[in-house]
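For reference, entry_11.txt is printed below; it contains compact mmCIF, C-alpha atoms.
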# COMPACT_ATOMS: atom_id res chain seq x y z
CA SER A 1 -11.39 -11.86 3.81
CA LEU A 2 -10.68 -8.71 1.86
CA LEU A 3 -14.10 -9.05 0.26
CA ASP A 4 -15.60 -8.08 3.62
CA PHE A 5 -14.18 -4.59 3.08
CA MET A 6 -16.07 -4.35 -0.17
CA GLY A 7 -19.29 -5.48 1.48
CA ALA A 8 -18.89 -2.93 4.28
CA SER A 9 -17.94 -0.23 1.81
CA GLY A 10 -21.46 -0.26 0.35
CA GLY A 11 -22.74 1.01 3.68
CA HIS A 12 -21.06 4.35 2.99
CA GLY A 13 -23.63 4.91 0.25
CA GLU A 14 -23.29 7.84 -2.13
CA ASN A 15 -19.99 9.06 -0.72
CA GLU A 16 -17.24 8.95 -3.33
CA VAL A 17 -14.70 6.13 -3.12
CA LEU A 18 -12.74 6.49 -6.40
CA VAL A 19 -12.17 9.81 -8.18
CA HIS A 20 -10.23 10.33 -11.42
CA GLY A 21 -10.97 13.60 -13.17
CA ASP A 22 -14.65 13.62 -14.11
CA ARG A 23 -15.04 9.92 -13.29
CA ARG A 24 -16.56 9.54 -9.82
CA ILE A 25 -17.52 6.20 -8.32
CA THR A 26 -19.45 5.95 -5.07
CA HIS A 27 -19.19 3.31 -2.37
CA ALA A 28 -22.70 2.16 -3.29
CA GLN A 29 -21.75 1.64 -6.96
CA PHE A 30 -18.47 -0.13 -6.39
CA GLU A 31 -19.64 -3.68 -5.66
CA ASN A 32 -21.83 -3.78 -8.78
CA LEU A 33 -18.87 -2.72 -10.93
CA VAL A 34 -16.74 -5.46 -9.38
CA ALA A 35 -19.45 -8.10 -9.85
CA ALA A 36 -19.80 -7.18 -13.53
CA GLU A 37 -16.06 -7.42 -14.19
CA ALA A 38 -15.78 -10.67 -12.25
CA HIS A 39 -18.54 -12.16 -14.39
CA HIS A 40 -16.69 -11.32 -17.61
CA LEU A 41 -13.32 -12.47 -16.31
CA ALA A 42 -14.85 -15.85 -15.53
CA ALA A 43 -17.03 -16.15 -18.64
CA ASP A 44 -14.64 -14.73 -21.25
CA HIS A 45 -11.24 -15.65 -19.79
CA GLY A 46 -11.92 -18.68 -17.62
CA VAL A 47 -10.66 -17.16 -14.39
CA GLY A 48 -11.47 -19.26 -11.33
CA ALA A 49 -10.36 -20.02 -7.79
CA GLY A 50 -6.60 -20.33 -7.42
CA ASP A 51 -5.79 -18.78 -10.80
CA ARG A 52 -3.45 -15.83 -11.01
CA VAL A 53 -4.55 -12.57 -12.62
CA ALA A 54 -1.80 -10.04 -13.29
CA ILE A 55 -2.51 -6.31 -13.07
CA LEU A 56 -0.12 -4.12 -15.08
CA SER A 57 -1.56 -0.63 -15.03
CA ALA A 58 -1.09 2.90 -13.80
CA ASN A 59 -3.00 3.91 -10.67
CA SER A 60 -6.65 4.31 -11.59
CA PRO A 61 -10.17 3.25 -10.57
CA ASP A 62 -9.86 0.43 -13.13
CA TRP A 63 -6.89 -1.00 -11.18
CA VAL A 64 -9.00 -1.16 -8.01
CA ILE A 65 -12.01 -2.72 -9.75
CA ALA A 66 -9.76 -5.32 -11.42
CA TYR A 67 -8.18 -6.21 -8.08
CA PHE A 68 -11.47 -6.88 -6.28
CA ALA A 69 -12.95 -8.67 -9.30
CA THR A 70 -9.97 -11.02 -9.17
CA LEU A 71 -10.36 -11.68 -5.43
CA SER A 72 -14.11 -12.23 -5.73
CA LEU A 73 -13.41 -15.21 -8.01
CA GLY A 74 -11.07 -16.75 -5.45
CA ALA A 75 -8.15 -15.92 -7.74
CA ILE A 76 -4.83 -14.36 -6.74
CA ALA A 77 -3.85 -10.88 -7.92
CA ALA A 78 -0.26 -10.58 -9.15
CA ALA A 79 0.54 -6.88 -8.77
CA TYR A 80 3.03 -6.17 -11.56
CA ASN A 81 5.34 -3.17 -11.24
CA GLY A 82 4.19 -0.56 -13.76
CA TRP A 83 7.78 0.51 -14.51
CA TRP A 84 9.06 -2.94 -15.42
CA THR A 85 10.93 -3.60 -18.66
CA PRO A 86 9.78 -6.34 -21.07
CA ASP A 87 12.39 -8.72 -19.61
CA GLU A 88 11.06 -8.19 -16.08
CA ILE A 89 7.46 -8.67 -17.23
CA ARG A 90 8.44 -11.91 -18.97
CA TYR A 91 10.13 -13.19 -15.82
CA ALA A 92 7.12 -12.41 -13.58
CA THR A 93 4.75 -14.00 -16.10
CA GLU A 94 6.82 -17.19 -16.28
CA LEU A 95 6.95 -17.26 -12.48
CA THR A 96 3.25 -16.73 -11.75
CA THR A 97 1.66 -18.06 -15.00
CA PRO A 98 -1.38 -15.74 -14.90
CA ARG A 99 -4.47 -16.69 -16.87
CA VAL A 100 -4.90 -13.07 -17.94
CA ILE A 101 -2.95 -9.80 -17.73
CA LEU A 102 -5.16 -6.76 -17.10
CA GLY A 103 -3.46 -3.48 -17.96
CA ASP A 104 -3.44 -0.21 -19.84
CA ALA A 105 -2.22 0.26 -23.40
CA LYS A 106 1.12 1.86 -22.48
CA ARG A 107 2.17 -1.03 -20.25
CA LEU A 108 0.60 -3.87 -22.23
CA ALA A 109 2.74 -2.73 -25.18
CA ARG A 110 5.77 -3.84 -23.13
CA VAL A 111 4.50 -7.39 -22.62
CA PRO A 112 6.77 -9.67 -24.69
CA ASP A 113 5.88 -12.96 -26.29
CA GLY A 114 6.01 -15.76 -23.76
CA PRO A 115 3.67 -18.11 -21.92
CA PRO A 116 0.17 -18.03 -23.42
CA THR A 117 -2.02 -15.60 -21.51
CA ASP A 118 -4.85 -13.25 -22.42
CA LEU A 119 -4.09 -9.51 -22.56
CA VAL A 120 -6.95 -7.16 -21.67
CA ASP A 121 -6.81 -3.37 -21.85
CA ILE A 122 -8.94 -2.41 -18.85
CA GLU A 123 -9.39 1.14 -20.19
CA ALA A 124 -10.15 0.46 -23.87
CA ASP A 125 -12.16 -2.66 -22.97
CA ARG A 126 -14.00 -1.06 -20.08
CA ASN A 127 -17.42 -1.19 -21.74
CA ARG A 128 -17.19 -4.97 -22.19
CA LEU A 129 -15.73 -5.65 -18.76
CA LEU A 130 -18.37 -3.57 -17.02
CA ALA A 131 -21.31 -4.50 -19.22
CA GLY A 132 -24.41 -5.50 -17.28
CA VAL A 133 -23.62 -3.51 -14.15
CA GLY A 134 -26.30 -4.32 -11.57
CA GLN A 135 -27.27 -7.57 -13.33
CA HIS A 136 -24.59 -9.80 -11.80
CA SER A 137 -23.96 -10.98 -8.27
CA LEU A 138 -20.63 -11.77 -6.67
CA PRO A 139 -19.72 -15.48 -6.71
CA ASP A 140 -20.72 -17.38 -3.59
CA LEU A 141 -17.28 -18.60 -2.51
CA GLU A 142 -15.83 -19.54 0.85
CA ILE A 143 -12.52 -17.73 1.30
CA HIS A 144 -10.35 -18.52 4.31
CA GLU A 145 -8.17 -16.06 6.20
CA ASP A 146 -4.94 -17.73 5.17
CA ASP A 147 -5.81 -18.20 1.50
CA PRO A 148 -3.39 -16.26 -0.73
CA SER A 149 -4.80 -12.99 -2.01
CA THR A 150 -1.98 -11.02 -3.61
CA ILE A 151 1.54 -11.44 -4.96
CA PHE A 152 3.68 -8.34 -4.36
CA PHE A 153 7.03 -8.22 -6.10
CA THR A 154 10.13 -7.20 -4.18
CA SER A 155 12.55 -4.60 -5.51
CA GLY A 156 15.02 -7.27 -6.53
CA THR A 157 18.11 -5.82 -4.83
CA THR A 158 19.67 -9.30 -4.80
CA GLY A 159 18.69 -10.28 -8.35
CA ARG A 160 15.30 -11.07 -9.83
CA PRO A 161 12.20 -9.74 -8.04
CA LYS A 162 10.59 -12.34 -5.80
CA GLY A 163 6.84 -12.73 -5.41
CA ALA A 164 5.87 -12.14 -1.78
CA THR A 165 2.61 -14.06 -1.43
CA VAL A 166 0.24 -12.38 1.00
CA SER A 167 -2.84 -13.86 2.67
CA HIS A 168 -6.24 -12.26 3.17
CA ARG A 169 -5.42 -12.28 6.90
CA GLY A 170 -2.26 -10.24 6.28
CA LEU A 171 -3.98 -7.37 4.51
CA VAL A 172 -7.05 -7.39 6.77
CA GLY A 173 -4.65 -7.26 9.70
CA PHE A 174 -2.87 -4.27 8.21
CA VAL A 175 -6.10 -2.28 8.29
CA GLU A 176 -7.19 -3.45 11.75
CA VAL A 177 -3.83 -2.58 13.30
CA GLN A 178 -3.75 0.83 11.59
CA PHE A 179 -7.18 1.65 13.04
CA LEU A 180 -6.00 0.52 16.47
CA ASN A 181 -2.83 2.61 16.14
CA GLY A 182 -4.81 5.69 15.16
CA ALA A 183 -7.09 5.30 18.17
CA ALA A 184 -4.11 4.80 20.48
CA ARG A 185 -2.39 7.91 19.13
CA ALA A 186 -5.51 9.99 19.63
CA PHE A 187 -5.85 8.73 23.20
CA THR A 188 -2.18 9.41 23.96
CA ALA A 189 -2.34 12.92 22.48
CA ALA A 190 -5.41 13.70 24.61
CA GLU A 191 -3.73 12.40 27.77
CA GLU A 192 -0.57 14.41 27.09
CA ALA A 193 -2.59 17.58 26.51
CA LYS A 194 -4.55 16.98 29.71
CA ALA A 195 -1.28 16.58 31.66
CA ARG A 196 -0.10 19.94 30.32
CA GLY A 197 -3.38 21.59 31.26
CA GLU A 198 -4.34 22.09 27.60
CA GLU A 199 -7.45 21.24 25.61
CA PRO A 200 -7.14 17.87 23.80
CA PRO A 201 -6.38 18.23 20.07
CA GLN A 202 -9.49 18.15 17.92
CA ARG A 203 -9.85 15.24 15.54
CA PRO A 204 -10.62 16.44 11.98
CA LEU A 205 -14.27 15.93 11.09
CA GLY A 206 -15.50 14.62 7.77
CA ARG A 207 -14.44 11.77 5.52
CA ASN A 208 -10.88 11.24 4.43
CA ARG A 209 -9.89 12.20 0.89
CA VAL A 210 -6.55 10.65 0.03
CA LEU A 211 -4.26 11.67 -2.82
CA ALA A 212 -3.14 8.35 -4.35
CA THR A 213 0.45 8.90 -5.40
CA SER A 214 1.76 5.67 -3.87
CA PRO A 215 1.82 2.89 -6.49
CA LEU A 216 -1.04 0.44 -6.05
CA PHE A 217 1.23 -2.46 -6.97
CA HIS A 218 3.01 -1.90 -3.64
CA VAL A 219 1.67 -2.83 -0.20
CA SER A 220 1.64 0.83 0.88
CA GLY A 221 -0.54 1.94 -2.02
CA LEU A 222 -2.91 -0.99 -1.90
CA SER A 223 -3.32 -1.33 1.86
CA ALA A 224 -2.85 2.19 3.17
CA ASN A 225 -4.75 3.80 0.32
CA ILE A 226 -7.39 1.41 -1.04
CA LEU A 227 -8.23 -0.81 1.91
CA LEU A 228 -8.09 1.79 4.68
CA ASN A 229 -10.31 4.13 2.69
CA MET A 230 -12.88 1.50 1.82
CA ALA A 231 -13.16 0.55 5.47
CA ALA A 232 -13.37 4.17 6.65
CA GLY A 233 -15.71 5.40 3.92
CA GLY A 234 -13.12 7.73 2.38
CA ALA A 235 -12.25 8.64 -1.20
CA LEU A 236 -9.14 7.91 -3.25
CA ILE A 237 -8.12 10.72 -5.63
CA PHE A 238 -6.15 9.72 -8.76
CA ARG A 239 -4.37 11.69 -11.45
CA SER A 240 -2.70 10.70 -14.73
CA GLY A 241 0.89 10.99 -15.89
CA ARG A 242 4.23 11.48 -14.22
CA PHE A 243 4.66 13.12 -10.84
CA ASP A 244 4.24 16.88 -11.17
CA ALA A 245 4.41 18.91 -7.97
CA GLY A 246 2.43 21.84 -9.35
CA GLU A 247 -0.40 19.69 -10.70
CA LEU A 248 -0.56 17.73 -7.45
CA LEU A 249 -0.83 20.90 -5.38
CA ALA A 250 -3.65 22.09 -7.62
CA LEU A 251 -5.42 18.75 -7.11
CA VAL A 252 -5.08 19.09 -3.32
CA GLU A 253 -6.90 22.42 -3.51
CA LYS A 254 -9.54 21.30 -6.01
CA GLU A 255 -10.47 18.00 -4.33
CA LYS A 256 -9.98 19.18 -0.74
CA VAL A 257 -7.47 16.41 -0.11
CA THR A 258 -7.10 15.58 3.59
CA SER A 259 -4.30 12.98 3.53
CA TRP A 260 -1.15 12.54 1.47
CA THR A 261 1.92 10.32 1.80
CA LEU A 262 5.04 11.87 0.31
CA LEU A 263 7.33 9.07 -0.83
CA GLY A 264 10.96 9.51 -1.80
CA SER A 265 11.68 12.84 -3.51
CA MET A 266 8.04 13.98 -3.54
CA GLY A 267 8.42 16.02 -0.32
CA PRO A 268 11.38 18.16 -1.43
CA ARG A 269 9.90 18.72 -4.90
CA VAL A 270 6.61 19.94 -3.44
CA LEU A 271 8.31 22.13 -0.85
CA GLU A 272 10.45 23.81 -3.51
CA HIS A 273 7.63 24.40 -6.01
CA PRO A 274 6.57 28.08 -6.35
CA ALA A 275 2.86 27.12 -6.48
CA LEU A 276 2.99 26.07 -2.83
CA ALA A 277 2.86 29.71 -1.75
CA THR A 278 -0.40 30.39 -3.61
CA THR A 279 -2.20 27.05 -3.19
CA ASP A 280 -4.89 26.47 -0.57
CA VAL A 281 -3.62 23.41 1.31
CA SER A 282 -5.71 23.98 4.42
CA SER A 283 -7.68 20.76 3.84
CA LEU A 284 -4.57 18.64 4.49
CA THR A 285 -4.74 17.34 8.07
CA ASN A 286 -2.53 14.27 7.74
CA VAL A 287 0.85 13.97 5.99
CA GLY A 288 3.00 10.85 6.04
CA PHE A 289 6.36 9.61 4.82
CA GLY A 290 7.50 6.14 3.85
CA GLY A 291 9.81 4.10 1.66
CA ALA A 292 13.01 5.68 3.00
CA PRO A 293 14.24 7.78 5.93
CA THR A 294 13.19 11.43 5.92
CA SER A 295 15.55 14.07 7.29
CA PRO A 296 14.52 16.20 10.30
CA ASP A 297 14.80 19.28 8.09
CA ILE A 298 12.26 17.95 5.56
CA GLN A 299 9.94 16.86 8.37
CA GLN A 300 9.97 20.37 9.84
CA ARG A 301 9.53 22.06 6.47
CA VAL A 302 6.48 19.88 5.82
CA ARG A 303 4.96 20.93 9.16
CA GLU A 304 5.46 24.58 8.19
CA ALA A 305 4.11 24.09 4.65
CA PHE A 306 0.99 22.22 5.82
CA PRO A 307 0.17 23.78 9.23
CA ASN A 308 -3.16 21.97 9.66
CA ALA A 309 -1.28 18.67 9.40
CA ALA A 310 1.64 19.69 11.62
CA GLY A 311 0.46 17.60 14.56
CA ASN A 312 -0.21 14.54 12.39
CA VAL A 313 3.05 14.21 10.46
CA GLY A 314 4.14 10.58 10.68
CA ILE A 315 6.27 7.82 9.22
CA GLY A 316 5.93 4.05 9.05
CA TYR A 317 8.21 1.10 8.34
CA GLY A 318 7.28 -2.16 6.68
CA SER A 319 7.91 -4.18 3.54
CA SER A 320 6.24 -6.45 1.02
CA GLU A 321 7.29 -9.41 3.16
CA THR A 322 6.10 -8.03 6.51
CA VAL A 323 2.82 -6.88 4.88
CA GLY A 324 1.78 -4.90 7.93
CA VAL A 325 3.50 -1.84 9.33
CA VAL A 326 6.25 -2.96 11.73
CA ALA A 327 6.93 0.38 13.41
CA SER A 328 5.22 3.75 13.36
CA HIS A 329 6.15 7.22 14.53
CA GLY A 330 4.32 10.54 14.54
CA GLY A 331 3.13 13.69 16.24
CA ARG A 332 5.13 15.05 19.17
CA ASP A 333 7.14 11.86 19.43
CA LEU A 334 8.48 12.29 15.90
CA VAL A 335 9.51 15.85 16.76
CA ALA A 336 11.40 14.57 19.79
CA ARG A 337 13.06 11.67 17.93
CA PRO A 338 13.12 12.66 14.25
CA GLU A 339 15.81 10.13 13.29
CA ALA A 340 13.95 7.14 14.73
CA THR A 341 11.59 4.83 12.85
CA GLY A 342 9.12 4.48 15.69
CA TRP A 343 7.40 2.24 18.18
CA ILE A 344 6.68 -1.39 17.35
CA MET A 345 3.07 -1.86 16.29
CA PRO A 346 0.54 -3.90 18.27
CA THR A 347 0.53 -7.64 17.36
CA VAL A 348 4.10 -7.38 15.97
CA GLU A 349 7.30 -8.64 17.60
CA VAL A 350 10.77 -7.47 16.57
CA GLU A 351 14.18 -8.92 17.38
CA ILE A 352 17.57 -7.42 16.52
CA ARG A 353 19.99 -10.28 15.81
CA ALA A 354 23.74 -10.48 15.26
CA ASP A 355 25.14 -12.46 12.32
CA ASP A 356 25.32 -15.59 14.49
CA GLY A 357 21.62 -15.29 15.39
CA SER A 358 22.15 -14.11 18.97
CA PRO A 359 20.10 -11.13 20.21
CA CYS A 360 21.72 -7.70 20.14
CA PRO A 361 21.53 -5.48 23.22
CA ASP A 362 19.83 -2.08 23.13
CA GLY A 363 21.65 0.45 20.99
CA VAL A 364 23.58 -2.12 18.93
CA ASN A 365 22.84 -2.52 15.23
CA GLY A 366 21.86 -5.92 13.89
CA GLN A 367 19.53 -7.58 11.44
CA ILE A 368 15.83 -6.88 11.97
CA TRP A 369 13.63 -9.96 12.36
CA VAL A 370 9.83 -9.74 12.55
CA LEU A 371 7.16 -12.12 13.85
CA SER A 372 3.45 -11.51 13.31
CA ALA A 373 0.30 -13.20 12.03
CA TYR A 374 0.39 -10.96 8.97
CA THR A 375 3.77 -11.66 7.35
CA MET A 376 3.87 -13.21 3.89
CA LEU A 377 3.05 -16.88 3.39
CA GLU A 378 6.01 -17.52 1.08
CA TYR A 379 7.84 -16.35 -2.00
CA TRP A 380 5.74 -17.65 -4.89
CA ASN A 381 7.22 -20.81 -6.39
CA ASP A 382 10.57 -20.23 -4.65
CA PRO A 383 10.96 -22.54 -1.63
CA VAL A 384 14.71 -21.92 -1.35
CA ALA A 385 14.32 -18.14 -0.97
CA THR A 386 11.38 -18.70 1.40
CA ALA A 387 13.47 -20.93 3.68
CA GLU A 388 16.29 -18.36 3.67
CA THR A 389 13.87 -15.62 4.79
CA ILE A 390 11.44 -17.31 7.21
CA ASP A 391 12.84 -19.52 9.97
CA GLU A 392 11.25 -22.62 11.46
CA ASN A 393 9.43 -20.55 14.11
CA GLY A 394 7.89 -18.10 11.65
CA TRP A 395 10.35 -15.24 12.20
CA LEU A 396 11.03 -13.24 9.03
CA ASP A 397 14.42 -11.74 8.15
CA THR A 398 13.67 -8.29 6.73
CA GLY A 399 17.15 -7.81 5.29
CA ASP A 400 17.31 -4.43 7.04
CA VAL A 401 19.78 -3.31 9.69
CA GLY A 402 18.70 -1.34 12.74
CA ARG A 403 18.70 -1.07 16.52
CA MET A 404 16.25 -0.87 19.41
CA GLU A 405 16.53 1.79 22.12
CA ASP A 406 13.94 1.95 24.91
CA GLY A 407 11.36 0.22 22.71
CA VAL A 408 11.93 2.48 19.70
CA LEU A 409 13.30 1.13 16.39
CA THR A 410 15.81 3.02 14.27
CA ILE A 411 16.72 1.81 10.77
CA ASP A 412 20.38 2.10 9.80
CA SER A 413 20.72 0.50 6.35
CA ARG A 414 19.98 -2.42 4.10
CA ALA A 415 21.89 -5.61 4.84
CA ARG A 416 21.35 -6.79 1.27
CA ASP A 417 22.40 -4.32 -1.37
CA MET A 418 23.25 -4.65 -5.03
CA ILE A 419 25.48 -1.91 -6.42

Just dump the structure as structure tokens.
Amino acid sequence: SLLDFMGASGGHGENEVLVHGDRRITHAQFENLVAAEAHHLAADHGVGAGDRVAILSANSPDWVIAYFATLSLGAIAAAYNGWWTPDEIRYATELTTPRVILGDAKRLARVPDGPPTDLVDIEADRNRLLAGVGQHSLPDLEIHEDDPSTIFFTSGTTGRPKGATVSHRGLVGFVEVQFLNGAARAFTAAEEAKARGEEPPQRPLGRNRVLATSPLFHVSGLSANILLNMAAGGALIFRSGRFDAGELLALVEKEKVTSWTLLGSMGPRVLEHPALATTDVSSLTNVGFGGAPTSPDIQQRVREAFPNAAGNVGIGYGSSETVGVVASHGGRDLVARPEATGWIMPTVEVEIRADDGSPCPDGVNGQIWVLSAYTMLEYWNDPVATAETIDENGWLDTGDVGRMEDGVLTIDSRARDMI
């Protein structure tokens, strides 16, 4: 289960795991903080196995502690979108009926009257939630691989957001496959260099320090940031407030950030900021993209802006429903095929289907279907939408349009759009 990551994380000792300004939490401290909060969620709010706990907060160490405290009780974390309006919050609360909503003051102020549920400000109420750190143990629960762990909410392009219900197996699998993919890429890069008569590229030494600008309520922020770092002994660096390219560059220099995923407009805004020319970004050895296609021009400008990461620029494709990364692309291969989405990941199968369900030949666009052990269990409390998305053999309709060419996937568009 995901709790195994927390147990293994303690083995990384006094290395930092969560950093937010002056607040610094080590791997060794983390489990005790989670155990304390879990105790108070159970004792003061009656949270138990199978209950839902909603998290409605900005990215912060408190979000991460709340998430693992929820899981340690056998409960299911409902990851609310921090930008939702009161109407959207009401809808998600009626859908998932959480026993408690954990959030920050700014977002809790948007929670409208509705189903009875406790509201807890995880910042203002931190002293109570974390009281007795070191005096409480984690509950002794048996959690199975296919027990639900998290409800991620879709973007709602066809109406109301749906709650993609994800198992422990799905998120554990995400991390395992990413580790495997990283090892395979390193091996391939070494073999290619050897064939050219060059020295193999050197893997960066030291522990990863990741700038957490991806929202934790999304699978990319939770899995690629929190879970990967806990497993690898890295640190997650947070900041407060809206995206600010200048402040983020300063944080890269101050915290010696090694890894950063530039979603959406982040890349262009950073590249165009005047502070880039005077900021020490030499610590960055890994830069990624996600969430949308990235033009070849932006890819190349990122390589030039962050030269120590030039060989490790990559992109990935997945969704709340697929949970894991479906396809991944990086390094020299991304330079050669900058428009493509990448190679299909280990343990994942992809089919391109025409509207009548028949397979499309190479080079022909169709709907992208995915089969893996890690896809979502269902849409929470929505059997009709679940049946429309997952067929009788477990294949999942992503709603995206793309094509396969020589084993490489290219995304063309969304099949389901709301204008």

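If you measure from each of A:Arg90, A:His45, A:His20, A:His168 to Leu377 (chain A) using all atoms listed in the file, the closest one turns out to be A:His168.
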
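Distance-wise, CA of Ala184 (chain A) and CA of Leu228 (chain A) end up 16.6 Å apart.
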
**Report entry** Using all atoms listed in the file: which of A:Gly221, A:Pro346, A:Pro359, A:Pro293 has the shortest distance to Asp412 (chain A)
**Finding:**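 Among A:Gly221, A:Pro346, A:Pro359, A:Pro293, it is A:Pro293 that comes nearest to Asp412 (chain A).
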
**Report entry** Near-Val302 (chain A) list (12 Å; only C-alpha atoms; drop same-chain fewer than 4 positions) as a PyMOL selection string
**Finding:** chain A and resi 260-262+266-272+276+281+284-289+294-298+306-314

Report task. Can you pull out every residue within 10 Å of Pro161 (chain A), counting only C-alpha atoms, but drop anything in the same chain fewer than 4 positions away, and send it as a VMD selection string? Result -> chain A and resid 88 91 to 92 152 to 157 379

Query raised in the report: Ala385 (chain A): which residues within 12 Å, counting all atoms listed in the file, same-chain residues fewer than 2 positions away excluded, as an MDAnalysis selection string?
Result: chainID A and resid 158:164 321 378:383 387:391 396:397

Requested in this report: Pick out the residues sitting within 12 Å of Val166 (chain A), and hand them over as an MDAnalysis selection string; count only C-alpha atoms, and ignore anything fewer than 2 positions along from it in its own chain.
Outcome: chainID A and resid 1:2 76:79 145:153 163:164 168:174 218:219 223 319:324 373:380

Query raised in the report: Could you work out how far CA of Gly103 (chain A) lies from CA of Glu123 (chain A), giving the answer in Å with one decimal?
Result: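 CA of Glu123 (chain A) sits 7.8 Å away from CA of Gly103 (chain A).
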
Requested in this report: Work out how far CA of Leu251 (chain A) is from CA of Ala275 (chain A), in Å to one decimal.
Outcome: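 Interatomic distance here is 11.8 Å.
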
Query raised in the report: Which of these residues is nearest to Val111 (chain A), using only C-alpha atoms: A:Asp355, A:Asp125, A:Glu142, A:Asp87?
Result: A:Asp87

Requested in this report: Measuring atom to atom with all atoms listed in the file, identify which of A:Gly46, A:Ser72, A:Asp140, A:Lys256 is nearest to Pro98 (chain A).
Outcome: A:Gly46

Selection as an mmCIF file with C-alpha atoms, in the frame of the given file: residues within 8 Å of (3.8, -18.5, 13.5), counting all atoms listed in the file:
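Result file is out-v5.cif:
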data_model
loop_
_atom_site.group_PDB
_atom_site.id
_atom_site.type_symbol
_atom_site.label_atom_id
_atom_site.label_comp_id
_atom_site.auth_asym_id
_atom_site.auth_seq_id
_atom_site.Cartn_x
_atom_site.Cartn_y
_atom_site.Cartn_z
ATOM 1 C CA LEU A 371 7.160 -12.120 13.850
ATOM 2 C CA SER A 372 3.450 -11.510 13.310
ATOM 3 C CA ALA A 373 0.300 -13.200 12.030
ATOM 4 C CA ASN A 393 9.430 -20.550 14.110
ATOM 5 C CA GLY A 394 7.890 -18.100 11.650
ATOM 6 C CA TRP A 395 10.350 -15.240 12.200
#

Query raised in the report: Which of these residues is nearest to His27 (chain A), using only C-alpha atoms: A:Asn127, A:Gly316, A:Ala235, A:Asn181?
Result: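 Of the candidates, the smallest distance to His27 (chain A) is held by A:Ala235.
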
Using only C-alpha atoms, tabulate the residues of region 229-294 of chain A lying at most 9 Å from any atom of region 51-61 of chain A, each with its closest atom pair and that distance in Å to one decimal, by chain and increasing residue number, as CSV.
residue,atom,partner,partner_atom,distance
A:Leu236,CA,A:Pro61,CA,8.7
A:Ile237,CA,A:Ser60,CA,8.9
A:Phe238,CA,A:Ser60,CA,6.1
A:Arg239,CA,A:Ser60,CA,7.7
A:Ser240,CA,A:Asn59,CA,7.9
A:Gly241,CA,A:Ala58,CA,8.6

Query - Using only C-alpha atoms: which of A:His136, A:Asp118, A:Val325, A:Glu304 has the shortest distance to Val177 (chain A) - result: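 Nearest candidate to Val177 (chain A) out of A:His136, A:Asp118, A:Val325, A:Glu304: A:Val325.
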
Query raised in the report: If we count only C-alpha atoms, what is near Gly342 (chain A) at a cut-off of 10 Å, once residues fewer than 6 positions away on the same chain are taken out, given as a PyMOL selection string?
Result: chain A and resi 314-317+326-330+333-334+404+407-411

Axis-aligned box for all listed atoms of region 302-305 of chain A, 3 Å per side, centre and edges in Å to one decimal, as lines of an AutoDock Vina configuration file:
center_x = 5.3
center_y = 22.2
center_z = 6.9
size_x = 8.4
size_y = 10.7
size_z = 10.5
